[in-house]
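These notes are about the structure you will find just below.
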2 protein chains.
Amino acid sequence: MSTENFDAVDIIRTKRDRGTLTAAQIDWTIDAYTRGVIAEEQMAALNMAILLNGMDRAEISRWTTAMIDSGQRMDFSTLRTPAGIAMRTTDKHSTGGVGDKITLPLAPLVAVFGVAVPQLSGRGLGHTGGTLDKLEAIPGWRAELTHTEMMKQLSSVGAVICAAGASLAPADKKLYALRDVTGTVESIPLIASSIMSKKIAEGTGALVLDVKVGSGAFMKNLADARELARTMVNLGTDAGVNTVALLTNMDTPLGFTAGNAIEVTESIDVLAGGGPADVVELTIALATEMLAGAGITDVDVAAALKDGRAMDKWRAMIAAQGGDNGAPLPVARESDIVYAQADGVITSLDAMDVGVAAWRLGAGRARRQDPVQAGAGVRLHAKPGDVVRRGAPLATMLTDTPERFERARELLEGAATIAPAGSRPDMALVIDRITAS
Amino acid sequence: MSTENFDAVDIIRTKRDRGTLTAAQIDWTIDAYTRGVIAEEQMAALNMAILLNGMDRAEISRWTTAMIDSGQRMDFSTLRTPAGIAMRTTDKHSTGGVGDKITLPLAPLVAVFGVAVPQLSGRGLGHTGGTLDKLEAIPGWRAELTHTEMMKQLSSVGAVICAAGASLAPADKKLYALRDVTGTVESIPLIASSIMSKKIAEGTGALVLDVKVGSGAFMKNLADARELARTMVNLGTDAGVNTVALLTNMDTPLGFTAGNAIEVTESIDVLAGGGPADVVELTIALATEMLAGAGITDVDVAAALKDGRAMDKWRAMIAAQGGDNGAPLPVARESDIVYAQADGVITSLDAMDVGVAAWRLGAGRARRQDPVQAGAGVRLHAKPGDVVRRGAPLATMLTDTPERFERARELLEGAATIAPAGSRPDMALVIDRITAS
């Protein structure tokens, strides 16, 4: 960390005029912002200049490091099994999609093979759900663990999904809140450094990024998604984390559910050896990458879903955090059905429409402090490729507050495109794999 | 003013993505910012997006109108001479230069011809001096007048130079303070709307803009200065003000003085029929334009400087605001001399170097609340075109605080370029005249 003093206006002007910020300028900027020496309005102007004029690889890397250095780093080097054997760690991050419950079956599945999965997750905001919101539908389950509890669970169970502490990259927390209200979220350098500062600070040895692209994703087109993936993979690699990214399709929701409790149920279906084909495919693809990142390549991942080993890990993981594996999950008080408007083949089912409908039904939140409904969401009855008849049920809407049905129905009635029989949609799920350049 | 409600983030995103803001969006933005509904950090992000992506003529015009509507407009339609004859008004605005004392002789000179000059001025910040700072060097003179006092003085004397009230374009005041700390000053749409919102709110019938270009000016190149001038002339014209701009050279300081009391003395020299040729030339050029804007074209402006009529107006104007025309002006306690480093012809004398030197000597201020030294500044002994010998005095530094000499000397020793005898600099003062397009 530099002890030099800089002038915030000079730094803003440099980026405004398409200049390159020095390492010392970046260190000072992040540190001074965290301490309140750079005012919110100055950081907002700098963010907009970065969004419009970009940062090069060295700038993004330093920006990320400076955000990591604003807080503590976790250290798993002392992690041991109960028998005293050192454990490797591997982690996954998704840029957010609709029906994306993959973390739930994925963490226990990977842990089956002796690699520790310290999965620090967040709550949802907007149309994409949050992993913690989903798990909190399980009676008794708690997201907040102490560091000691987390280390103990990783040692004994091998997998933990919990809330990230405030000590990781506090500059990022402050910066994200600012970007959210100043129209400066959509910058690839700022998105990449935000995600990677937290992930690198979490101290994992390997990392797999699930970069979503499509209507329900943050990145709407492949070129942007690819650039984001490359930027993040390079940041992870430069920081010594074994990092790879999969570009995956988010034009269509994952699985047949978007909500909280209903996504837990669908995840348990996958852990029981069943579940929707797309959820199973992506779970296995990501598990394979997470294990490969930790040096394990010669295992039959799919078998661990079929033979109950992943389910056993899941139950142990849930129980270790107070969750009652036997308790029934919350059910929404009210339901209503959306019907197909025509005969034919579903050629698309807009993930954004479904995600916003689930949000409107109460599964998501508009502000960070809002509660979510555990039982709310959308259950799909058909997916792209399915043949439907006019009047057949397309989706069931679930909520505790039926006045929400109307605005969700508006979206769901337009979500599906139905073409004359014979049409067949393109449904490749894993689009590309990005490694360090 | 629209009563619609908008979302600040949507508006920021629109401009960020090179969109055009609607009239209703602009009205809401300025009003909501003035009321504190749009936060400083949101306006900072919007300002940076405007700086980098621009605004079109309609947007700039509406932005200016919205800033005017954030406060009161002055109205001179009831202004009459003591004999009851309606008076026209005319005004001048300079974008700021070094040694720019032109307002001092100009306002009384124009008033000689029966046109009222309500010259609302500001204090200096940075390397350019402020008209009020200069006049405050005169014992007893006061800048703050009530509206009634101003109207009375305009009627009886015909000229007033005083501080602008807080009720004129308060949105601009708030916005300018924000731009100053967020690196968003240098935007032609924002500069033009800032200047013109105040000038239009001041209610003048005619306006002449002195747009400076060169090393000591805000605009360093002719293309930017021309664009700023055109933008402002169009804004004034669209608002019904008879507006014209002169582009004038600010590579070299105006006259032989940069400071406060010493610029008053030089102005009085001009009002006495003498003074530096460049100050006289620009005063006459601007007076001619100001009078033409008010419909008066067949008068001998120069004669009013030679025959004492302008001096009489000056004395009446100073006395009306409490100034003692007979009192000696403050003199700096200390002085020191900067000498020529070579034999030859001075081909350039950097206005910025001289301006910053005067500022460092105490004539200007770094923060709005700082005091200025009435006697401090730089007196030049040679100007471009003059032949000098090595060791001859180039400038005298004046200050009450001699520890300031060293840092001023650093600048002044490098300010002059001296070439072998025979070279002749190009010294056109009025570069162009811009009318409405």
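By order in the structure tokens, chains are A, B, ...; within a chain, residues start at 1; ligands start at 1, following the order shown.
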
Just the strand (DSSP E or B) stuff from region 17-107 of chain A, please, per backbone DSSP, written as a PDB file with N, CA and C atoms, in the first residue's frame.
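Printed below is part27.pdb as written:
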```
ATOM      1  N   ARG A  80      -7.557 -29.256   7.553  1.00  0.00           N
ATOM      2  CA  ARG A  80      -7.208 -30.682   7.599  1.00  0.00           C
ATOM      3  C   ARG A  80      -8.480 -31.514   7.777  1.00  0.00           C
ATOM      4  N   ALA A  86      -4.205 -32.754   4.809  1.00  0.00           N
ATOM      5  CA  ALA A  86      -4.470 -31.419   4.252  1.00  0.00           C
ATOM      6  C   ALA A  86      -5.561 -31.507   3.179  1.00  0.00           C
ATOM      7  N   THR A  89      -9.101 -26.756  -1.593  1.00  0.00           N
ATOM      8  CA  THR A  89     -10.396 -26.061  -1.648  1.00  0.00           C
ATOM      9  C   THR A  89     -10.734 -25.695  -3.092  1.00  0.00           C
ATOM     10  N   THR A  90     -12.023 -25.687  -3.375  1.00  0.00           N
ATOM     11  CA  THR A  90     -12.480 -25.285  -4.706  1.00  0.00           C
ATOM     12  C   THR A  90     -13.821 -24.573  -4.540  1.00  0.00           C
ATOM     13  N   ASP A  91     -14.105 -23.658  -5.457  1.00  0.00           N
ATOM     14  CA  ASP A  91     -15.245 -22.768  -5.265  1.00  0.00           C
ATOM     15  C   ASP A  91     -15.889 -22.496  -6.617  1.00  0.00           C
ATOM     16  N   LYS A  92     -17.140 -22.052  -6.589  1.00  0.00           N
ATOM     17  CA  LYS A  92     -17.858 -21.728  -7.817  1.00  0.00           C
ATOM     18  C   LYS A  92     -18.525 -20.386  -7.643  1.00  0.00           C
ATOM     19  N   HIS A  93     -18.571 -19.589  -8.715  1.00  0.00           N
ATOM     20  CA  HIS A  93     -19.365 -18.358  -8.678  1.00  0.00           C
ATOM     21  C   HIS A  93     -20.192 -18.264  -9.938  1.00  0.00           C
ATOM     22  N   SER A  94     -21.477 -17.965  -9.771  1.00  0.00           N
ATOM     23  CA  SER A  94     -22.358 -17.740 -10.916  1.00  0.00           C
ATOM     24  C   SER A  94     -22.686 -16.260 -11.001  1.00  0.00           C
TER      25      SER A  94
END
```

Within 9 Å of region 249-265 of chain B, which residues of region 162-241 of chain B come that close, and what is the closest atom pair and distance in Å for each? Count only C-alpha atoms and give it as JSON lines.
```
{"residue": "B:Val211", "atom": "CA", "partner": "B:Asn249", "partner_atom": "CA", "distance": 8.7}
{"residue": "B:Lys212", "atom": "CA", "partner": "B:Met250", "partner_atom": "CA", "distance": 5.6}
{"residue": "B:Val213", "atom": "CA", "partner": "B:Met250", "partner_atom": "CA", "distance": 5.3}
{"residue": "B:Gly214", "atom": "CA", "partner": "B:Asp251", "partner_atom": "CA", "distance": 4.4}
{"residue": "B:Ser215", "atom": "CA", "partner": "B:Asp251", "partner_atom": "CA", "distance": 4.7}
{"residue": "B:Gly216", "atom": "CA", "partner": "B:Met250", "partner_atom": "CA", "distance": 5.5}
{"residue": "B:Ala217", "atom": "CA", "partner": "B:Met250", "partner_atom": "CA", "distance": 5.7}
{"residue": "B:Lys220", "atom": "CA", "partner": "B:Asp251", "partner_atom": "CA", "distance": 8.8}
```

### Query
Would you list which chain B residues are within 7 Å of chain A using only C-alpha atoms, as a list in words?
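Listing them in order of chain and number gives Val9, Ile12, Arg13, Glu40, Glu41, Gln42, Ala44, Ala45, Met48, Ala49, Val181, Thr182 and Gly183 of chain B.
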
Dump as a compact mmCIF listing (two decimals), in the first residue's frame, selection limited to C-alpha atoms:
```
# COMPACT_ATOMS: atom_id res chain seq x y z
CA VAL B 9 -30.71 5.85 -12.43
CA ILE B 12 -28.09 8.49 -15.83
CA ARG B 13 -28.24 5.32 -17.94
CA GLU B 40 -24.77 14.37 -5.17
CA GLU B 41 -23.24 11.06 -6.29
CA GLN B 42 -26.02 10.56 -8.83
CA ALA B 44 -21.78 13.46 -10.37
CA ALA B 45 -22.26 10.31 -12.45
CA MET B 48 -19.45 12.69 -16.14
CA ALA B 49 -21.74 11.01 -18.66
CA VAL B 181 -14.65 18.43 -6.92
CA THR B 182 -15.60 15.71 -9.41
CA GLY B 183 -13.47 16.53 -12.46
```

From a backbone DSSP assignment, name each residue in region 153-273 of chain A labelled helix (DSSP H, G or I), as a PDB file with C-alpha atoms, in the first residue's frame.
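Writing done, so here's out.pdb:
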```
ATOM      1  CA  GLN A 153     -17.742 -27.964   9.063  1.00  0.00           C
ATOM      2  CA  LEU A 154     -15.344 -27.951   6.115  1.00  0.00           C
ATOM      3  CA  SER A 155     -13.135 -30.412   7.961  1.00  0.00           C
ATOM      4  CA  SER A 156     -15.932 -32.754   9.023  1.00  0.00           C
ATOM      5  CA  PRO A 170     -15.259  -3.920   2.413  1.00  0.00           C
ATOM      6  CA  ALA A 171     -14.302  -1.458  -0.348  1.00  0.00           C
ATOM      7  CA  ASP A 172     -16.287  -3.581  -2.773  1.00  0.00           C
ATOM      8  CA  LYS A 173     -19.347  -3.524  -0.543  1.00  0.00           C
ATOM      9  CA  LYS A 174     -19.246   0.276  -0.368  1.00  0.00           C
ATOM     10  CA  LEU A 175     -18.490   0.609  -4.060  1.00  0.00           C
ATOM     11  CA  TYR A 176     -21.247  -1.745  -5.147  1.00  0.00           C
ATOM     12  CA  ALA A 177     -23.855   0.177  -3.156  1.00  0.00           C
ATOM     13  CA  LEU A 178     -22.684   3.359  -4.898  1.00  0.00           C
ATOM     14  CA  ARG A 179     -22.685   1.808  -8.375  1.00  0.00           C
ATOM     15  CA  ASP A 180     -26.210   0.532  -7.785  1.00  0.00           C
ATOM     16  CA  VAL A 181     -27.632   4.070  -7.428  1.00  0.00           C
ATOM     17  CA  ILE A 188     -16.980  -5.142 -17.210  1.00  0.00           C
ATOM     18  CA  PRO A 189     -13.847  -3.955 -15.338  1.00  0.00           C
ATOM     19  CA  LEU A 190     -15.949  -2.986 -12.309  1.00  0.00           C
ATOM     20  CA  ILE A 191     -18.071  -6.166 -12.392  1.00  0.00           C
ATOM     21  CA  ALA A 192     -15.020  -8.394 -12.793  1.00  0.00           C
ATOM     22  CA  SER A 193     -13.055  -6.701 -10.012  1.00  0.00           C
ATOM     23  CA  SER A 194     -16.081  -6.743  -7.695  1.00  0.00           C
ATOM     24  CA  ILE A 195     -16.666 -10.480  -8.109  1.00  0.00           C
ATOM     25  CA  MET A 196     -13.018 -11.477  -8.128  1.00  0.00           C
ATOM     26  CA  SER A 197     -11.972  -9.321  -5.153  1.00  0.00           C
ATOM     27  CA  LYS A 198     -14.430 -11.250  -2.994  1.00  0.00           C
ATOM     28  CA  LYS A 199     -13.571 -14.628  -4.494  1.00  0.00           C
ATOM     29  CA  ILE A 200      -9.802 -14.131  -4.198  1.00  0.00           C
ATOM     30  CA  ALA A 201     -10.176 -12.785  -0.638  1.00  0.00           C
ATOM     31  CA  LEU A 222     -22.067 -13.542 -26.036  1.00  0.00           C
ATOM     32  CA  ALA A 223     -19.322 -11.013 -26.773  1.00  0.00           C
ATOM     33  CA  ASP A 224     -19.852  -9.191 -23.443  1.00  0.00           C
ATOM     34  CA  ALA A 225     -20.132 -12.466 -21.527  1.00  0.00           C
ATOM     35  CA  ARG A 226     -16.934 -13.723 -23.121  1.00  0.00           C
ATOM     36  CA  GLU A 227     -15.085 -10.504 -22.252  1.00  0.00           C
ATOM     37  CA  LEU A 228     -16.318 -10.656 -18.652  1.00  0.00           C
ATOM     38  CA  ALA A 229     -15.287 -14.313 -18.399  1.00  0.00           C
ATOM     39  CA  ARG A 230     -11.820 -13.663 -19.839  1.00  0.00           C
ATOM     40  CA  THR A 231     -11.305 -10.677 -17.554  1.00  0.00           C
ATOM     41  CA  MET A 232     -12.259 -12.671 -14.457  1.00  0.00           C
ATOM     42  CA  VAL A 233     -10.247 -15.749 -15.444  1.00  0.00           C
ATOM     43  CA  ASN A 234      -7.185 -13.551 -15.973  1.00  0.00           C
ATOM     44  CA  LEU A 235      -7.694 -11.834 -12.607  1.00  0.00           C
ATOM     45  CA  GLY A 236      -7.986 -15.175 -10.806  1.00  0.00           C
ATOM     46  CA  THR A 237      -4.983 -16.608 -12.606  1.00  0.00           C
ATOM     47  CA  ASP A 238      -2.862 -13.501 -11.907  1.00  0.00           C
ATOM     48  CA  ALA A 261     -38.502 -23.643  -1.246  1.00  0.00           C
ATOM     49  CA  ILE A 262     -39.492 -25.012  -4.669  1.00  0.00           C
ATOM     50  CA  GLU A 263     -35.882 -24.727  -5.843  1.00  0.00           C
ATOM     51  CA  VAL A 264     -34.687 -26.603  -2.741  1.00  0.00           C
ATOM     52  CA  THR A 265     -37.103 -29.402  -3.592  1.00  0.00           C
ATOM     53  CA  GLU A 266     -35.852 -29.550  -7.170  1.00  0.00           C
ATOM     54  CA  SER A 267     -32.239 -29.613  -5.916  1.00  0.00           C
ATOM     55  CA  ILE A 268     -33.066 -32.544  -3.647  1.00  0.00           C
ATOM     56  CA  ASP A 269     -34.550 -34.312  -6.697  1.00  0.00           C
ATOM     57  CA  VAL A 270     -31.168 -33.926  -8.412  1.00  0.00           C
ATOM     58  CA  LEU A 271     -29.329 -35.179  -5.316  1.00  0.00           C
TER      59      LEU A 271
END
```

May I have a table of the residues of region 84-170 of chain A lying at most 12 Å from region 320-341 of chain A, giving each one's closest pair of atoms and their distance in Å to one decimal, counting only C-alpha atoms, ordered by chain and ascending residue number, as CSV?
```
residue,atom,partner,partner_atom,distance
A:Lys134,CA,A:Leu329,CA,10.7
A:Leu135,CA,A:Gly323,CA,8.9
A:Glu136,CA,A:Gly323,CA,8.7
A:Ala137,CA,A:Leu329,CA,6.5
A:Ile138,CA,A:Leu329,CA,6.0
A:Pro139,CA,A:Gly323,CA,5.8
A:Gly140,CA,A:Gly323,CA,4.5
A:Trp141,CA,A:Gly323,CA,3.8
A:Arg142,CA,A:Gln321,CA,5.7
A:Ala143,CA,A:Gln321,CA,7.5
A:Glu144,CA,A:Gln321,CA,8.8
A:Leu145,CA,A:Gln321,CA,8.1
A:Thr146,CA,A:Gln321,CA,11.1
A:Glu149,CA,A:Gln321,CA,9.1
A:Met150,CA,A:Gln321,CA,9.5
A:Met151,CA,A:Ala320,CA,11.9
A:Lys152,CA,A:Ala320,CA,9.7
A:Gln153,CA,A:Ala320,CA,6.9
A:Leu154,CA,A:Ala320,CA,10.1
A:Ser155,CA,A:Ala320,CA,11.7
A:Ser156,CA,A:Ala320,CA,9.4
A:Val157,CA,A:Ala320,CA,8.1
A:Gly158,CA,A:Ala320,CA,10.9
A:Ala159,CA,A:Ala320,CA,9.9
A:Val160,CA,A:Gln321,CA,8.5
A:Ile161,CA,A:Gln321,CA,9.1
A:Cys162,CA,A:Gln321,CA,8.9
A:Ala163,CA,A:Gln321,CA,11.7
```

### Message
Please determine, counting only C-alpha atoms, which residue among B:Gly71, B:Thr34, B:Glu413, B:Met219 has the shortest atom-to-atom distance to Pro393 (chain B).
### Response
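For Pro393 (chain B), the nearest of the given residues is B:Glu413.
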
### Message
Give me the residues near Val115 (chain B) as a list in words, where near means some atom within 8 Å (using only C-alpha atoms) and where sequence neighbours in that chain fewer than 3 positions away do not count.
### Response
Met87, Arg88, Thr89, Thr90, Val110, Ala111, Val112, Gly158, Leu291 and Ala294 of chain B

### Query
Suppose you want the space between CA of Ile284 (chain B) and CA of Asn221 (chain B); what is it in Å?
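Distance reported for this atom pair: 24.6 Å.
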
### Message
Just to confirm, what's the straight-line distance from CA of Thr65 (chain A) to CA of Ile26 (chain A) in Å (one decimal)?
### Response
9.5 Å

### Message
Need to verify the contact set: Leu349 (chain A), 9 Å, only C-alpha atoms, exclusion of same-chain residues closer than 2 positions in sequence. Can you return it as an MDAnalysis selection string?
### Response
chainID A and resid 251:253 346:347 351:354 383:384 414:417

May I have the selected residues written with N, CA, C and O atoms, as a short mmCIF file (atom, residue, chain, number, x, y, z; two decimals), in the first residue's frame?
```cif
data_model
loop_
_atom_site.label_atom_id
_atom_site.label_comp_id
_atom_site.auth_asym_id
_atom_site.auth_seq_id
_atom_site.Cartn_x
_atom_site.Cartn_y
_atom_site.Cartn_z
N ASP A 251 -31.01 -18.00 -21.57
CA ASP A 251 -32.22 -17.53 -22.27
C ASP A 251 -33.46 -18.15 -21.64
O ASP A 251 -34.55 -17.57 -21.69
N THR A 252 -33.28 -19.34 -21.07
CA THR A 252 -34.37 -20.14 -20.49
C THR A 252 -34.04 -20.38 -19.02
O THR A 252 -32.87 -20.54 -18.68
N PRO A 253 -35.05 -20.39 -18.12
CA PRO A 253 -34.75 -20.69 -16.72
C PRO A 253 -34.13 -22.08 -16.59
O PRO A 253 -34.41 -22.98 -17.39
N ILE A 346 -42.93 -25.19 -27.98
CA ILE A 346 -42.35 -24.02 -27.31
C ILE A 346 -40.93 -23.84 -27.86
O ILE A 346 -40.09 -24.74 -27.74
N THR A 347 -40.70 -22.69 -28.51
CA THR A 347 -39.36 -22.46 -29.07
C THR A 347 -38.52 -21.60 -28.15
O THR A 347 -37.29 -21.62 -28.23
N ALA A 351 -36.33 -16.22 -19.87
CA ALA A 351 -35.87 -16.34 -18.48
C ALA A 351 -36.14 -15.07 -17.69
O ALA A 351 -36.49 -15.12 -16.51
N MET A 352 -35.98 -13.92 -18.34
CA MET A 352 -36.21 -12.66 -17.62
C MET A 352 -37.67 -12.55 -17.20
O MET A 352 -37.97 -12.16 -16.07
N ASP A 353 -38.59 -12.89 -18.11
CA ASP A 353 -40.02 -12.82 -17.76
C ASP A 353 -40.33 -13.72 -16.57
O ASP A 353 -41.06 -13.33 -15.65
N VAL A 354 -39.79 -14.93 -16.59
CA VAL A 354 -40.05 -15.86 -15.49
C VAL A 354 -39.41 -15.35 -14.19
O VAL A 354 -40.03 -15.39 -13.12
N LYS A 383 -41.12 -26.70 -21.10
CA LYS A 383 -39.88 -25.98 -21.40
C LYS A 383 -39.68 -25.98 -22.91
O LYS A 383 -40.36 -26.71 -23.64
N PRO A 384 -38.76 -25.19 -23.43
CA PRO A 384 -38.52 -25.18 -24.87
C PRO A 384 -38.25 -26.60 -25.40
O PRO A 384 -37.56 -27.38 -24.77
N GLY A 414 -46.75 -13.85 -21.74
CA GLY A 414 -45.93 -13.50 -22.90
C GLY A 414 -44.57 -14.18 -22.92
O GLY A 414 -43.77 -13.99 -23.84
N ALA A 415 -44.29 -15.00 -21.91
CA ALA A 415 -42.93 -15.53 -21.76
C ALA A 415 -42.60 -16.60 -22.80
O ALA A 415 -41.46 -16.71 -23.25
N ALA A 416 -43.61 -17.40 -23.17
CA ALA A 416 -43.34 -18.52 -24.08
C ALA A 416 -43.64 -18.15 -25.52
O ALA A 416 -44.66 -17.51 -25.81
N THR A 417 -42.76 -18.54 -26.44
CA THR A 417 -43.03 -18.44 -27.87
C THR A 417 -43.41 -19.84 -28.34
O THR A 417 -42.66 -20.79 -28.13
#
```

### Task
Choose the residue, out of B:Leu168, B:Asp432, B:Ala23, B:Lys101, that has the smallest atom-to-atom separation from Pro276 (chain B); count only C-alpha atoms.
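Of all the options, B:Lys101 lies closest to Pro276 (chain B).
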
### Contacts of region 368-373 of chain B within 7 Å, only C-alpha atoms, excl. fewer than 5 positions in-chain, as a list in words
Leu125, Gly362 and Ala363 of chain B
